[in-house]
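K.L.:
Quick one: structure below, then a few questions.
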Amino acid sequence: MGGKRDEKLILPLNDSISFTLSQDDMCAKTTVTISPKFTEDKFWLNGKEESLENPRIQNCLKEIRRRASKRKLEGSAEDILNWHIHICSANNFPTAAGLASSAAGYACLVYALGQVYGIEGDLSSIARQGSGSACRSIYGGLVRWHKGELEDGTDSIARPIAPADHFPNLRVIICVANSERKKTGSTDGMRQTVQTSKLMQHRIKESVVSRMESMIKAIKDKNWPAFCDLTMADSNEMHAVCQDTFPPCVYMTDTSHAVANLVHQYNDLKISQRDINHKVCYTFDAGPNACLFVPGAVVEEVLALLLFAFPPSSSQSPAEYVRGIQAHPVTLSKELTSMAGEDIESGKLMYLIHTKVGDGPRVIPDADESLLDATTGLPKPASGAA
């Protein structure tokens, strides 16, 4: 969460970097169909019909159609641009809960629209108009969103900086503390922060600029310990800025802080063992859910530690609690179990998602995977689940 210099064009106040996660475990799926038989534009999200009058969706559609109108398409291109459109989208993880559902959704939508209308070239500037973070999700691996300087935003684009396997065998564990819709949305929170936080001004002008340079160097050098420290420092500062907002935007919970504290204890142990290349780092978006980046060599140990410190509720099976990539249980040392302290209570975390870094959007050629019926253009009965 870095604030915007232009809310309409969704232009950020600073550059940012993100990982794109694997679609094997967390994904948005979108089917786009155009037809002269459709009488109106329609949109379904997770099985429920929604209004297509959302300004951000309209901005994406308008820009896609504007670019398509410039291309010399074979056949009746003008007629195609006038055809109505049906869009059906679904994601297999919570919406508006700080898990980047809008980034995945808009990146998927814009990519699908680009395929339908034959758009070539950069799509990140279009995805940005739906959700700022979506411009990064157009690409896989590590991606940098350049804030740009131009007033029209044409230079505010995303560019890949490293492939998905840049840090070999890197795993990701998402600790879901709350999957409900956030009390304060990211956009409203950012607006309040830019208007009221003095710390935000320091963040924009000083710390993010220098930290970005250090982060790029750490990525280039594959300096994992430095990458970890920079990632956590940026996350901590962002949430300090949220607290400095008036009134405060409080996203992290006691459970969020407990997860972060556990990571620091784990890293202190690794430092004492002179094993800094197996450090773990966390980052929190505008929400209570921790995203942990974990070297593959210790991921089973870290999962076991999380299960010990934050056990599932009595009604959850292990498969329900740890989703995604399966891992083998390991026995924890006394040094590790002591990190959990005495206040161990089940149900503090709803579930864990074990995944990895992945690639950007892709086309699924199998017609059976389509969310829309090929004949009617309406959602299939199972389109509410990706």
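Labeling convention for the structure tokens: chains A, B, ... as they appear, residues from 1 per chain, ligands from 1 in order of appearance.
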I'd like the neighbourhood of A:Leu307 as an MDAnalysis selection string, where a residue qualifies if any of its atoms comes within 10 Å (using only C-alpha atoms), though same-chain residues fewer than 6 positions away should be ignored.
P.N.:
chainID A and resid 301 318 321:322 329 346 349 351:352
K.L.:
If DSSP is run on the backbone, what residues of stretch 203-313 of chain A are strand (DSSP E)? A reply as an MDAnalysis selection string would be ideal.
P.N.:
chainID A and resid 281:284 290:295
K.L.:
Could you dump the residues just selected with N, CA, C and O atoms as a CSV table (one decimal), in the first residue's frame?
P.N.:
chain,number,residue,atom,x,y,z
A,281,CYS,N,10.9,-14.7,5.7
A,281,CYS,CA,10.4,-13.3,5.8
A,281,CYS,C,8.9,-13.2,5.6
A,281,CYS,O,8.3,-14.1,5.0
A,282,TYR,N,8.4,-12.2,6.2
A,282,TYR,CA,6.9,-12.0,6.1
A,282,TYR,C,6.6,-10.7,5.4
A,282,TYR,O,7.5,-9.7,5.4
A,283,THR,N,5.4,-10.6,4.8
A,283,THR,CA,4.9,-9.3,4.4
A,283,THR,C,3.4,-9.3,4.6
A,283,THR,O,2.8,-10.4,4.4
A,284,PHE,N,2.8,-8.2,4.9
A,284,PHE,CA,1.4,-8.1,5.1
A,284,PHE,C,0.9,-7.0,4.1
A,284,PHE,O,1.4,-5.9,4.1
A,290,ALA,N,-0.7,-13.0,6.9
A,290,ALA,CA,0.7,-12.9,6.6
A,290,ALA,C,1.1,-13.8,5.4
A,290,ALA,O,0.5,-14.9,5.2
A,291,CYS,N,2.0,-13.3,4.6
A,291,CYS,CA,2.5,-14.0,3.5
A,291,CYS,C,4.0,-14.2,3.8
A,291,CYS,O,4.8,-13.3,3.9
A,292,LEU,N,4.3,-15.5,4.0
A,292,LEU,CA,5.7,-15.9,4.3
A,292,LEU,C,6.5,-16.4,3.1
A,292,LEU,O,5.9,-17.3,2.4
A,293,PHE,N,7.7,-15.9,2.9
A,293,PHE,CA,8.5,-16.5,1.9
A,293,PHE,C,9.6,-17.4,2.6
A,293,PHE,O,10.3,-16.9,3.5
A,294,VAL,N,9.6,-18.6,2.2
A,294,VAL,CA,10.3,-19.7,2.9
A,294,VAL,C,11.2,-20.5,2.0
A,294,VAL,O,10.7,-21.0,1.0
A,295,PRO,N,12.5,-20.6,2.2
A,295,PRO,CA,13.4,-21.4,1.4
A,295,PRO,C,12.8,-22.9,1.5
A,295,PRO,O,12.5,-23.4,2.5
K.L.:
Just asking: which residues within stretch 237-361 of chain A are helix (DSSP H, G or I) according to DSSP, as a count of residues only?
P.N.:
55
K.L.:
Tell me which of A:Ile344, A:Ala103, A:Val116, A:Ala260 sits closest to A:Ser137, counting only C-alpha atoms.
P.N.:
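Of the candidates, the smallest distance to A:Ser137 is held by A:Ala103.
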K.L.:
Extract, using only C-alpha atoms, all DNA, RNA and protein residues at most 7 Å from A:Leu142, discarding same-chain residues fewer than 5 positions from it, and format them as a compact mmCIF listing (two decimals) with C-alpha atoms, in the first residue's frame.
P.N.:
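The resulting result-v6.txt:
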# COMPACT_ATOMS: atom_id res chain seq x y z
CA ILE A 17 7.86 -5.03 -6.35
CA SER A 18 5.85 -8.22 -6.02
CA PHE A 19 6.02 -11.97 -6.57
CA THR A 20 3.36 -13.57 -8.77
CA PRO A 160 9.40 -8.37 -15.04
CA ILE A 161 12.76 -8.27 -13.26
CA ALA A 162 13.39 -11.95 -12.48
CA PRO A 163 11.81 -15.32 -13.41
CA ALA A 164 9.77 -17.49 -11.05
K.L.:
With a distance cut-off of 10 Å and only C-alpha atoms, select the neighbouring residues of A:Lys205, excluding the residue or stretch itself and same-chain residues fewer than 5 positions from it, and output the selection as a ChimeraX atom specification.
P.N.:
/A:13-14,200,210
